[in-house]
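One file, coords_37.txt, carrying compact mmCIF, C-alpha atoms:
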# COMPACT_ATOMS: atom_id res chain seq x y z
CA MET A 1 5.89 -29.62 39.00
CA LYS A 2 3.21 -30.68 36.53
CA SER A 3 -0.49 -29.77 36.35
CA SER A 4 -1.51 -33.26 37.48
CA ASP A 5 0.59 -32.87 40.64
CA LEU A 6 -1.19 -29.70 41.81
CA SER A 7 -3.50 -29.87 44.79
CA ALA A 8 -6.80 -27.99 44.86
CA ALA A 9 -5.24 -25.32 47.09
CA GLU A 10 -2.32 -24.88 44.71
CA ARG A 11 -4.66 -24.55 41.74
CA GLN A 12 -6.66 -21.92 43.60
CA ARG A 13 -3.47 -20.02 44.46
CA ALA A 14 -2.29 -20.05 40.86
CA SER A 15 -5.69 -18.83 39.67
CA ARG A 16 -5.73 -16.00 42.20
CA MET A 17 -2.18 -14.97 41.27
CA PHE A 18 -3.17 -14.85 37.61
CA ARG A 19 -6.24 -12.69 38.30
CA LEU A 20 -4.23 -10.24 40.41
CA SER A 21 -1.53 -10.04 37.74
CA ILE A 22 -3.93 -8.99 34.98
CA GLY A 23 -4.18 -5.51 36.49
CA ASN A 24 -0.38 -5.25 36.83
CA TYR A 25 0.32 -6.08 33.22
CA PHE A 26 -2.51 -3.93 31.87
CA MET A 27 -1.55 -0.84 33.86
CA GLY A 28 2.13 -1.24 32.99
CA GLY A 29 1.38 -1.11 29.27
CA PHE A 30 -1.25 1.60 29.67
CA LEU A 31 1.01 4.01 31.56
CA VAL A 32 4.07 3.55 29.34
CA CYS A 33 1.99 4.56 26.33
CA LEU A 34 0.26 7.35 28.25
CA ILE A 35 3.65 8.90 28.98
CA SER A 36 4.49 8.87 25.27
CA LEU A 37 1.45 11.12 24.77
CA LEU A 38 2.27 13.38 27.72
CA VAL A 39 5.88 14.15 26.81
CA PRO A 40 5.10 15.98 23.52
CA ARG A 41 2.46 18.06 25.29
CA LEU A 42 4.82 19.02 28.10
CA LYS A 43 7.50 19.86 25.54
CA LEU A 44 5.15 22.48 24.11
CA LEU A 45 3.89 23.74 27.46
CA MET A 46 7.33 24.03 29.05
CA GLY A 47 9.28 25.06 25.97
CA LEU A 48 11.71 22.14 26.27
CA ASP A 49 14.41 21.80 23.67
CA TYR A 50 15.21 18.45 22.06
CA THR A 51 18.06 17.74 24.48
CA GLN A 52 15.77 18.17 27.47
CA ALA A 53 13.08 16.07 25.81
CA SER A 54 15.59 13.28 25.19
CA LEU A 55 16.56 13.40 28.87
CA VAL A 56 12.96 12.54 29.71
CA GLN A 57 13.22 9.35 27.65
CA LEU A 58 16.68 8.60 29.01
CA ALA A 59 15.38 8.88 32.56
CA PHE A 60 12.81 6.19 31.86
CA HIS A 61 14.98 3.71 29.95
CA SER A 62 17.93 4.01 32.33
CA SER A 63 15.75 3.09 35.29
CA TYR A 64 16.20 -0.63 34.68
CA LEU A 65 19.96 -0.25 35.18
CA LEU A 66 19.68 2.22 38.06
CA PHE A 67 17.02 0.47 40.11
CA ALA A 68 17.37 -3.23 39.31
CA LEU A 69 19.92 -4.13 42.00
CA PRO A 70 18.44 -2.16 44.95
CA ILE A 71 14.91 -3.26 44.05
CA THR A 72 16.02 -6.89 43.93
CA ALA A 73 17.52 -6.49 47.42
CA ILE A 74 14.20 -5.07 48.66
CA LEU A 75 12.22 -7.92 47.06
CA VAL A 76 14.44 -10.53 48.68
CA ARG A 77 13.82 -8.89 52.04
CA ILE A 78 10.04 -8.31 51.88
CA GLY A 79 8.87 -10.94 49.38
CA TYR A 80 7.25 -10.83 45.96
CA MET A 81 3.69 -9.91 46.98
CA ARG A 82 4.65 -7.04 49.28
CA GLY A 83 7.20 -5.97 46.68
CA MET A 84 4.50 -5.66 44.04
CA ALA A 85 2.31 -3.74 46.48
CA VAL A 86 5.20 -1.32 47.05
CA GLY A 87 5.83 -1.04 43.30
CA LEU A 88 2.19 -0.24 42.59
CA GLY A 89 2.21 2.36 45.36
CA VAL A 90 5.33 3.99 43.90
CA MET A 91 3.69 4.03 40.48
CA ALA A 92 0.61 5.71 41.97
CA ALA A 93 2.88 8.36 43.51
CA GLY A 94 4.51 8.85 40.11
CA CYS A 95 1.13 9.41 38.49
CA ILE A 96 0.24 12.02 41.11
CA GLY A 97 3.63 13.58 40.45
CA PHE A 98 2.83 13.83 36.75
CA ALA A 99 -0.43 15.57 37.56
CA ALA A 100 1.45 18.03 39.77
CA ALA A 101 4.13 18.55 37.11
CA ALA A 102 1.43 19.40 34.59
CA GLY A 103 -0.08 21.92 36.99
CA PHE A 104 3.18 23.65 37.92
CA ALA A 105 4.86 23.19 34.51
CA SER A 106 7.97 21.98 36.35
CA TYR A 107 10.57 20.10 34.33
CA VAL A 108 12.26 18.80 37.50
CA ALA A 109 8.91 17.44 38.71
CA VAL A 110 8.47 15.66 35.38
CA LEU A 111 11.81 13.87 35.77
CA LEU A 112 11.13 12.94 39.41
CA ALA A 113 7.67 11.61 38.56
CA LEU A 114 9.08 9.67 35.62
CA LEU A 115 11.76 8.07 37.78
CA ALA A 116 9.14 7.14 40.39
CA LEU A 117 6.91 5.56 37.78
CA ALA A 118 9.82 3.72 36.16
CA GLY A 119 11.02 2.49 39.54
CA GLY A 120 7.58 1.11 40.32
CA ILE A 121 7.42 -0.63 36.95
CA THR A 122 10.83 -2.18 37.67
CA PHE A 123 9.35 -3.73 40.84
CA LEU A 124 6.64 -5.32 38.73
CA GLN A 125 9.04 -6.42 36.00
CA ILE A 126 11.31 -8.24 38.42
CA ALA A 127 8.72 -9.68 40.81
CA GLY A 128 5.64 -10.10 38.63
CA ASN A 129 6.94 -12.68 36.18
CA ILE A 130 8.64 -14.70 38.92
CA ALA A 131 5.50 -14.80 41.06
CA VAL A 132 3.49 -16.25 38.18
CA ALA A 133 6.26 -18.68 37.24
CA VAL A 134 6.63 -20.15 40.74
CA VAL A 135 2.92 -20.84 41.28
CA GLU A 136 2.23 -22.32 37.85
CA PRO A 137 3.14 -25.86 36.78
CA GLU A 138 6.23 -26.02 34.62
CA GLU A 139 4.49 -26.75 31.32
CA ARG A 140 1.94 -23.95 31.80
CA ALA A 141 4.09 -21.10 33.13
CA VAL A 142 5.23 -19.77 29.75
CA SER A 143 1.70 -19.87 28.36
CA ARG A 144 0.25 -18.00 31.33
CA ILE A 145 2.92 -15.27 31.23
CA THR A 146 2.38 -14.94 27.48
CA LEU A 147 -1.35 -14.51 28.07
CA LEU A 148 -0.65 -11.83 30.68
CA GLN A 149 1.61 -10.06 28.19
CA GLY A 150 -1.48 -9.91 25.96
CA PHE A 151 -3.23 -7.81 28.62
CA ASN A 152 -0.15 -5.57 28.66
CA SER A 153 -0.61 -5.09 24.92
CA ILE A 154 -4.29 -4.25 25.41
CA GLY A 155 -3.13 -1.45 27.70
CA THR A 156 -0.78 -0.13 25.02
CA VAL A 157 -3.64 -0.11 22.51
CA LEU A 158 -6.22 1.53 24.78
CA ALA A 159 -3.93 4.24 26.20
CA PRO A 160 -3.71 6.26 22.96
CA LEU A 161 -7.44 5.83 22.34
CA LEU A 162 -8.43 7.02 25.81
CA GLY A 163 -5.53 9.32 26.65
CA ALA A 164 -5.45 11.36 23.45
CA SER A 165 -8.79 12.96 24.29
CA PHE A 166 -7.28 14.37 27.49
CA LEU A 167 -3.60 14.94 26.67
CA LEU A 168 -3.73 16.11 23.06
CA THR A 169 -6.90 18.18 23.06
CA GLU A 170 -6.49 21.91 22.49
CA ARG A 171 -8.11 22.62 25.84
CA SER A 172 -5.21 20.88 27.62
CA ALA A 173 -2.92 23.56 26.23
CA GLU A 174 -4.89 26.47 27.67
CA GLY A 175 -3.60 28.12 30.81
CA ASP A 176 -6.58 27.74 33.14
CA ASP A 177 -7.52 25.34 35.93
CA THR A 178 -9.88 23.38 33.70
CA ALA A 179 -7.09 22.79 31.19
CA TRP A 180 -4.82 21.48 33.95
CA LEU A 181 -7.54 19.12 35.20
CA ILE A 182 -8.06 17.74 31.69
CA LEU A 183 -4.34 17.08 31.39
CA ALA A 184 -4.06 15.57 34.87
CA LEU A 185 -7.27 13.49 34.90
CA PRO A 186 -5.95 10.28 33.26
CA PHE A 187 -2.99 10.21 35.66
CA LEU A 188 -5.17 10.86 38.72
CA ALA A 189 -7.54 8.09 37.59
CA SER A 190 -4.57 5.76 37.04
CA ALA A 191 -3.29 6.57 40.54
CA LEU A 192 -6.62 5.44 42.01
CA VAL A 193 -6.52 2.16 40.07
CA LEU A 194 -2.91 1.54 41.08
CA ALA A 195 -3.68 2.26 44.73
CA GLY A 196 -6.52 -0.27 44.57
CA LEU A 197 -4.21 -2.89 43.05
CA ALA A 198 -1.58 -2.16 45.71
CA LEU A 199 -4.18 -2.76 48.42
CA ALA A 200 -5.22 -6.04 46.75
CA PHE A 201 -1.62 -7.30 46.72
CA GLU A 202 -1.07 -6.22 50.31
CA ARG A 203 -4.15 -8.18 51.36
CA ALA A 204 -2.79 -11.21 49.47
CA ARG A 205 0.70 -10.80 50.99
CA ASN A 206 0.67 -14.37 52.37
CA LEU A 207 -0.36 -15.99 49.09
CA LEU A 208 3.16 -17.32 48.47
CA ALA A 209 4.05 -17.90 52.14
CA ASP A 210 4.52 -21.67 51.82
CA LEU A 211 6.83 -21.43 48.79
CA PRO A 212 10.65 -21.23 49.08
CA ALA A 213 11.62 -17.69 50.05
CA PRO A 214 14.10 -15.85 47.84
CA GLU A 215 17.62 -16.24 49.16
CA ARG A 216 19.70 -13.21 50.05
CA VAL A 217 22.96 -13.47 48.12
CA PRO A 218 25.94 -11.36 49.25
CA LEU A 219 27.40 -9.11 46.61
CA ALA A 220 30.59 -11.14 46.63
CA LYS A 221 28.65 -14.26 45.59
CA LEU A 222 26.59 -12.65 42.85
CA ARG A 223 29.27 -13.78 40.43
CA GLU A 224 28.24 -17.38 41.10
CA VAL A 225 24.61 -16.62 40.32
CA PHE A 226 25.49 -14.81 37.10
CA GLY A 227 27.96 -17.53 36.17
CA ASP A 228 25.06 -19.76 35.12
CA ARG A 229 25.61 -20.34 31.38
CA LYS A 230 21.92 -20.52 30.56
CA LEU A 231 21.15 -17.29 32.42
CA LEU A 232 24.01 -15.49 30.66
CA ALA A 233 22.86 -16.74 27.27
CA GLY A 234 19.24 -15.88 28.08
CA THR A 235 20.23 -12.37 29.14
CA GLY A 236 22.06 -11.92 25.84
CA ALA A 237 19.06 -13.23 23.95
CA MET A 238 16.75 -10.85 25.85
CA PHE A 239 19.09 -7.96 25.00
CA ALA A 240 18.89 -8.99 21.33
CA TYR A 241 15.10 -9.38 21.38
CA VAL A 242 14.33 -5.99 22.94
CA GLY A 243 16.88 -4.33 20.69
CA ALA A 244 15.47 -5.86 17.50
CA GLU A 245 11.84 -5.16 18.46
CA VAL A 246 12.48 -1.51 19.32
CA THR A 247 14.70 -1.01 16.27
CA ILE A 248 12.08 -2.25 13.82
CA GLY A 249 9.30 -0.36 15.57
CA THR A 250 11.38 2.83 15.45
CA LEU A 251 12.57 2.59 11.83
CA LEU A 252 9.50 0.99 10.28
CA THR A 253 8.00 4.37 9.38
CA ASN A 254 11.20 5.37 7.56
CA TYR A 255 11.19 2.03 5.74
CA LEU A 256 7.59 2.35 4.56
CA VAL A 257 8.10 5.84 3.11
CA LEU A 258 10.93 4.63 0.84
CA PRO A 259 9.88 4.95 -2.82
CA GLU A 260 10.82 1.35 -3.57
CA ILE A 261 8.70 0.05 -0.69
CA LEU A 262 5.35 1.91 -0.41
CA GLY A 263 6.28 5.55 -0.90
CA ALA A 264 3.75 6.30 1.82
CA THR A 265 3.39 9.66 3.50
CA PRO A 266 4.82 9.82 7.04
CA VAL A 267 1.31 9.96 8.53
CA ALA A 268 0.09 6.96 6.54
CA ALA A 269 3.26 5.05 7.39
CA ALA A 270 2.81 5.82 11.10
CA HIS A 271 -0.71 4.39 10.95
CA LEU A 272 0.65 1.21 9.39
CA VAL A 273 3.22 0.90 12.17
CA SER A 274 0.31 0.35 14.56
CA LEU A 275 -0.22 -2.98 12.77
CA TYR A 276 3.26 -4.03 13.91
CA TRP A 277 2.33 -3.53 17.57
CA ALA A 278 -1.18 -4.92 17.09
CA GLY A 279 0.42 -8.06 15.68
CA ALA A 280 2.35 -8.47 18.92
CA MET A 281 -0.91 -8.20 20.88
CA ILE A 282 -2.77 -10.75 18.74
CA GLY A 283 0.23 -13.06 18.69
CA ARG A 284 0.39 -13.15 22.48
CA PHE A 285 -3.13 -14.49 22.82
CA VAL A 286 -2.62 -16.99 20.00
CA GLY A 287 0.85 -17.84 21.28
CA ALA A 288 -0.52 -18.65 24.73
CA ALA A 289 -2.63 -21.41 23.15
CA ILE A 290 0.28 -22.67 21.05
CA LEU A 291 2.56 -22.86 24.09
CA MET A 292 0.03 -25.08 25.83
CA ARG A 293 0.54 -27.71 23.12
CA TRP A 294 4.21 -27.50 22.17
CA PRO A 295 7.42 -27.10 24.23
CA ALA A 296 8.52 -23.51 24.75
CA PRO A 297 12.05 -23.96 23.28
CA ARG A 298 10.62 -25.37 20.06
CA VAL A 299 8.04 -22.59 19.71
CA LEU A 300 10.67 -19.93 20.41
CA ALA A 301 12.97 -21.43 17.77
CA TRP A 302 10.12 -21.43 15.22
CA PHE A 303 9.20 -17.81 15.90
CA ALA A 304 12.82 -16.62 15.90
CA ALA A 305 13.51 -18.43 12.62
CA ALA A 306 10.35 -16.90 11.12
CA ALA A 307 11.41 -13.42 12.27
CA THR A 308 14.84 -13.91 10.72
CA GLY A 309 13.27 -14.94 7.43
CA LEU A 310 10.83 -12.04 7.42
CA VAL A 311 13.55 -9.47 8.07
CA ALA A 312 15.67 -11.02 5.30
CA LEU A 313 12.66 -10.89 2.95
CA ALA A 314 12.07 -7.23 3.82
CA MET A 315 15.70 -6.52 2.89
CA ILE A 316 15.47 -8.06 -0.59
CA ALA A 317 11.81 -7.50 -1.53
CA THR A 318 10.10 -4.28 -2.58
CA GLY A 319 6.58 -2.91 -2.52
CA VAL A 320 3.81 -4.54 -0.52
CA VAL A 321 5.76 -7.77 -0.05
CA GLY A 322 8.62 -6.03 1.75
CA ALA A 323 6.27 -3.88 3.83
CA THR A 324 4.12 -6.86 4.85
CA ALA A 325 7.18 -8.91 5.77
CA LEU A 326 8.60 -6.30 8.15
CA ILE A 327 5.22 -5.53 9.73
CA ALA A 328 4.63 -9.27 10.28
CA VAL A 329 7.73 -9.46 12.47
CA GLY A 330 5.48 -8.08 15.23
CA LEU A 331 3.63 -11.40 15.30
CA CYS A 332 6.91 -13.24 15.81
CA ASN A 333 7.95 -10.91 18.64
CA SER A 334 4.79 -11.69 20.57
CA ILE A 335 5.93 -14.77 22.51
CA MET A 336 9.61 -13.93 22.86
CA PHE A 337 9.71 -12.02 26.15
CA PRO A 338 7.83 -14.58 28.28
CA THR A 339 9.59 -17.58 26.75
CA LEU A 340 13.04 -16.02 27.06
CA PHE A 341 12.30 -15.01 30.64
CA THR A 342 11.01 -18.41 31.74
CA LEU A 343 13.64 -20.47 29.92
CA SER A 344 16.47 -18.37 31.40
CA LEU A 345 15.48 -18.82 35.06
CA PRO A 346 17.70 -21.12 37.16
CA ALA A 347 16.31 -24.35 38.58
CA ASP A 348 16.86 -23.00 42.11
CA GLU A 349 13.83 -20.75 42.68
CA THR A 350 15.54 -18.95 45.57
CA LYS A 351 17.97 -17.42 43.01
CA ALA A 352 15.15 -16.30 40.72
CA PRO A 353 15.11 -12.61 41.80
CA TYR A 354 18.71 -12.14 40.73
CA ALA A 355 18.09 -13.88 37.42
CA SER A 356 15.07 -11.64 36.88
CA MET A 357 17.23 -8.62 37.71
CA ALA A 358 19.73 -9.58 34.99
CA LEU A 359 16.95 -10.13 32.46
CA CYS A 360 15.35 -6.82 33.40
CA MET A 361 18.64 -4.98 32.91
CA ALA A 362 18.93 -6.56 29.46
CA VAL A 363 16.09 -4.27 28.37
CA VAL A 364 18.83 -1.70 27.76
CA GLY A 365 19.20 -3.47 24.43
CA GLY A 366 16.29 -1.29 23.35
CA ALA A 367 18.64 1.69 23.59
CA VAL A 368 21.85 0.13 22.24
CA ILE A 369 20.70 -1.84 19.17
CA PRO A 370 18.73 1.06 17.62
CA VAL A 371 21.78 3.35 17.93
CA LEU A 372 24.03 0.77 16.26
CA THR A 373 21.43 0.22 13.55
CA GLY A 374 21.24 3.96 12.95
CA ALA A 375 25.01 4.07 12.50
CA LEU A 376 24.79 1.22 9.99
CA ALA A 377 21.99 3.04 8.15
CA ASP A 378 24.13 6.15 7.85
CA MET A 379 26.96 4.10 6.36
CA ASN A 380 25.16 1.52 4.21
CA GLY A 381 21.53 2.62 3.87
CA LEU A 382 18.39 1.90 5.88
CA VAL A 383 17.45 -1.43 4.26
CA ALA A 384 20.92 -2.92 4.75
CA SER A 385 20.96 -1.83 8.40
CA PHE A 386 18.20 -4.33 9.24
CA SER A 387 20.83 -7.04 8.96
CA LEU A 388 21.66 -6.34 12.61
CA SER A 389 18.07 -7.12 13.62
CA ALA A 390 18.23 -10.35 11.61
CA LEU A 391 21.38 -11.34 13.51
CA CYS A 392 19.56 -10.64 16.79
CA TYR A 393 16.85 -13.14 15.85
CA VAL A 394 19.50 -15.69 14.83
CA ALA A 395 20.96 -15.39 18.33
CA ILE A 396 17.52 -15.96 19.86
CA ALA A 397 16.99 -19.05 17.71
CA ALA A 398 20.38 -20.41 18.81
CA PHE A 399 19.42 -19.92 22.46
CA ALA A 400 16.10 -21.71 21.91
CA ILE A 401 17.81 -24.66 20.23
CA ALA A 402 20.27 -24.91 23.13
CA CYS A 403 17.40 -24.85 25.64
CA GLY A 404 15.73 -27.70 23.80
CA GLY A 405 18.95 -29.65 23.52
CA VAL A 406 22.02 -29.28 25.74
CA TRP A 407 20.40 -27.53 28.70
CA ALA A 408 17.30 -29.73 28.58
CA ARG A 409 19.50 -32.84 28.89
CA GLU A 410 21.48 -31.25 31.71
CA ARG A 411 18.26 -30.53 33.60
CA VAL A 412 17.00 -34.09 33.20
CA ALA A 413 20.38 -35.42 34.38
CA ALA A 414 20.24 -33.14 37.43
CA VAL A 415 16.80 -34.46 38.35

Represent the structure from my file as structure tokens, please.
Amino acid sequence: MKSSDLSAAERQRASRMFRLSIGNYFMGGFLVCLISLLVPRLKLLMGLDYTQASLVQLAFHSSYLLFALPITAILVRIGYMRGMAVGLGVMAAGCIGFAAAAGFASYVAVLLALLALAGGITFLQIAGNIAVAVVEPEERAVSRITLLQGFNSIGTVLAPLLGASFLLTERSAEGDDTAWLILALPFLASALVLAGLALAFERARNLLADLPAPERVPLAKLREVFGDRKLLAGTGAMFAYVGAEVTIGTLLTNYLVLPEILGATPVAAAHLVSLYWAGAMIGRFVGAAILMRWPAPRVLAWFAAAATGLVALAMIATGVVGATALIAVGLCNSIMFPTLFTLSLPADETKAPYASMALCMAVVGGAVIPVLTGALADMNGLVASFSLSALCYVAIAAFAIACGGVWARERVAAV
């Protein structure tokens, strides 16, 4: 479907879906970063050791594997709009749970609240991108999702600015009711916003009623869905992208403090790392405009090739050149998630929830690739270990080239 083929009603539906989705993407980014501020504070308040603290992070990152299949089954049964309303409601419950955990200093409550929040986010991850993709014309879907990812990035930038005043202030460490309220306030406020968004999606539950409903696929036939070569390759590319992005973001501080690079202090290096994530935010807004003019496979191939070159430059260069090159990879990462997601979806929209489930589960690359990179760093040094990230971007470029070549011809032939 092209833009010129859209009726006035379809254009209005796409516009309404986009406006509703802004809140989803913003709150997803905002809360993920807010949790990163809460965990250190709870570690101090509850006296958690490092093993317990790592379990908090594990609980969040494992949610995509734990919840993806049952949540997909729920979405197929109730639809995308109701599914997002449920997800937002679960997230609101998770925020209230965090407020309660802060008040009772309960480690178990922290884990339960974290799982609830992560489960709600998984609803949005699986349903949100599909809902935008199915209402937008083919040539505009990637651009619109990229633009929405920009609002997600705004949330990640604003959360530390707004949340630090509540979560990291000395008063939030005192043992009185006022201290608890200061610690709980951003989560209680987020719960109200999420509840409002849930109500908005529930009221718009029939927005996609005239589109093909997602098809319920028996477990025995899931193999056929996942046997799609493009989906398998796209899932692998998504695994590589998330792994490379998280790896560089995690190890960038260590890289910048190396004497041959900047010799920066850890605090100064951490401040510079913010430029890496800010680059992703800026790149998403710029990338949305670029994707309106050029085909998504070509743009993805350009950005992946640029990322490969920048990582390679960071491995051989020193000083400001090396530091700038690795930080600039954030710009290249900006358009990768939405383009990989959209390009990997099957032509049959009724199978889209299962494809989205596979792509969502591929986020576990953010746990696997950093561990492998750390092992390489222990054996061969930090700089040499970035070769694995470079290989990840090569794999993404190969997928993009295939999408613009072999699979593009297959799609035309099928039509």

Counting only C-alpha atoms, find residues at most 9 Å from (12.3, -12.0, 7.0) (file frame) and give them as an MDAnalysis selection string. chainID A and resid 305:315 322 325:326 328:329 390

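Among the candidates A:Leu147, A:Ala268, A:Pro295, A:Ala204, the one nearest to A:Ala280 when counting all atoms listed in the file is A:Leu147.
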
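Counting from atom CA of A:Arg13, the distance to atom CA of A:Val135 is 7.2 Å.
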
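Considering the residues A:Gly243, A:Gly279, A:Gly103, A:Pro346 and counting all atoms listed in the file, A:Leu372 has its shortest atom-to-atom contact with A:Gly243.
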
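Counting from atom CA of A:Thr265, the distance to atom CA of A:Thr253 is 9.2 Å.
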
Determine, for each residue of stretch 212-306 of chain A having at least one atom at most 10 Å from an atom of stretch 384-389 of chain A, the closest pair of atoms and their separation in Å to one decimal, counting only C-alpha atoms; order by chain and ascending number, as JSON lines.
{"residue": "A:Ala240", "atom": "CA", "partner": "A:Ser389", "partner_atom": "CA", "distance": 8.0}
{"residue": "A:Tyr241", "atom": "CA", "partner": "A:Ser389", "partner_atom": "CA", "distance": 8.6}
{"residue": "A:Gly243", "atom": "CA", "partner": "A:Ser389", "partner_atom": "CA", "distance": 7.7}
{"residue": "A:Ala244", "atom": "CA", "partner": "A:Ser389", "partner_atom": "CA", "distance": 4.8}
{"residue": "A:Glu245", "atom": "CA", "partner": "A:Ser389", "partner_atom": "CA", "distance": 8.1}
{"residue": "A:Val246", "atom": "CA", "partner": "A:Ser389", "partner_atom": "CA", "distance": 9.8}
{"residue": "A:Thr247", "atom": "CA", "partner": "A:Ser389", "partner_atom": "CA", "distance": 7.5}
{"residue": "A:Ile248", "atom": "CA", "partner": "A:Ser389", "partner_atom": "CA", "distance": 7.7}
{"residue": "A:Leu251", "atom": "CA", "partner": "A:Phe386", "partner_atom": "CA", "distance": 9.3}

Compile the contact shell of A:Ala195 as a tab-separated table (two decimals) with C-alpha atoms, in the frame of the given file: residues with an atom at most 7 Å away, counting all atoms listed in the file, same-chain residues fewer than 2 positions apart removed.
chain	number	residue	atom	x	y	z
A	88	LEU	CA	2.19	-0.24	42.59
A	89	GLY	CA	2.21	2.36	45.36
A	92	ALA	CA	0.61	5.71	41.97
A	191	ALA	CA	-3.29	6.57	40.54
A	192	LEU	CA	-6.62	5.44	42.01
A	193	VAL	CA	-6.52	2.16	40.07
A	197	LEU	CA	-4.21	-2.89	43.05
A	198	ALA	CA	-1.58	-2.16	45.71
A	199	LEU	CA	-4.18	-2.76	48.42

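Candidate residues A:Phe30, A:Phe337, A:Phe201, A:Tyr354 were compared for distance to A:Leu161, and the nearest is A:Phe30, using all atoms listed in the file.
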
Do you know which residues are at most 10 Å from A:Ala101 counting only C-alpha atoms, after dropping those on the same chain fewer than 6 positions away, and could you put them as JSON, numbers by chain? {"A": [42, 95, 107, 108, 109, 110, 111, 112, 113, 180, 184]}

Taking 4 positions as the minimum chain separation for residues in the same chain, which residues sit within 8 Å of A:Ile401 when counting all atoms listed in the file? Answer as number ranges by chain. A: 297-298, 301, 397, 405

Next, write the just-selected residues to a file, as a PDB file, in the frame of the given file, keeping C-alpha atoms as the atom set.
ATOM      1  CA  PRO A 297      12.050 -23.960  23.280  1.00  0.00           C
ATOM      2  CA  ARG A 298      10.620 -25.370  20.060  1.00  0.00           C
ATOM      3  CA  ALA A 301      12.970 -21.430  17.770  1.00  0.00           C
ATOM      4  CA  ALA A 397      16.990 -19.050  17.710  1.00  0.00           C
ATOM      5  CA  GLY A 405      18.950 -29.650  23.520  1.00  0.00           C
TER       6      GLY A 405
END

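Reported to one decimal place, the separation of atom CA of A:Leu391 from atom CA of A:Leu258 is 22.9 Å.
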
For A:Phe226, work out the shell of residues within 9 Å, counting only C-alpha atoms and skipping chain neighbours fewer than 3 positions away, then give it as a short mmCIF file (atom, residue, chain, number, x, y, z; two decimals) with C-alpha atoms, in the frame of the given file.
data_model
loop_
_atom_site.label_atom_id
_atom_site.label_comp_id
_atom_site.auth_asym_id
_atom_site.auth_seq_id
_atom_site.Cartn_x
_atom_site.Cartn_y
_atom_site.Cartn_z
CA LEU A 222 26.59 -12.65 42.85
CA ARG A 223 29.27 -13.78 40.43
CA ARG A 229 25.61 -20.34 31.38
CA LEU A 231 21.15 -17.29 32.42
CA LEU A 232 24.01 -15.49 30.66
CA TYR A 354 18.71 -12.14 40.73
CA ALA A 355 18.09 -13.88 37.42
CA ALA A 358 19.73 -9.58 34.99
#

Using only C-alpha atoms, pick whichever of A:Phe399, A:Phe239, A:Phe151, A:Phe98 has the shortest atom-to-atom distance to A:Leu185. A:Phe98

Name all residues at most 9 Å from A:Leu382 (count only C-alpha atoms; drop same-chain ones fewer than 3 positions away) and give them as a ChimeraX atom specification. /A:251,254-255,373-374,376-379,385-386

Nearest to A:Ala269, chosen from A:Val257, A:Leu208, A:Leu162, A:Met357, with all atoms listed in the file counted in the distances: A:Val257

Between A:Ala118, A:Ala127, A:Ala400, A:Met27, which one has atoms that come closest to A:Tyr64, using only C-alpha atoms? A:Ala118

Take the point (14.7, -16.1, 29.1) in the file's coordinates, draw a sphere of radius 10 Å around it, and report as a list in words every protein, DNA or RNA residue with an atom inside or on it, counting all atoms listed in the file. Lys230, Leu231, Leu232, Ala233, Gly234, Thr235, Gly236, Ala237, Met238, Met336, Phe337, Pro338, Thr339, Leu340, Phe341, Thr342, Leu343, Ser344, Leu345, Pro346, Ala355, Ser356, Leu359, Ile396, Phe399, Ala400 and Cys403 of chain A
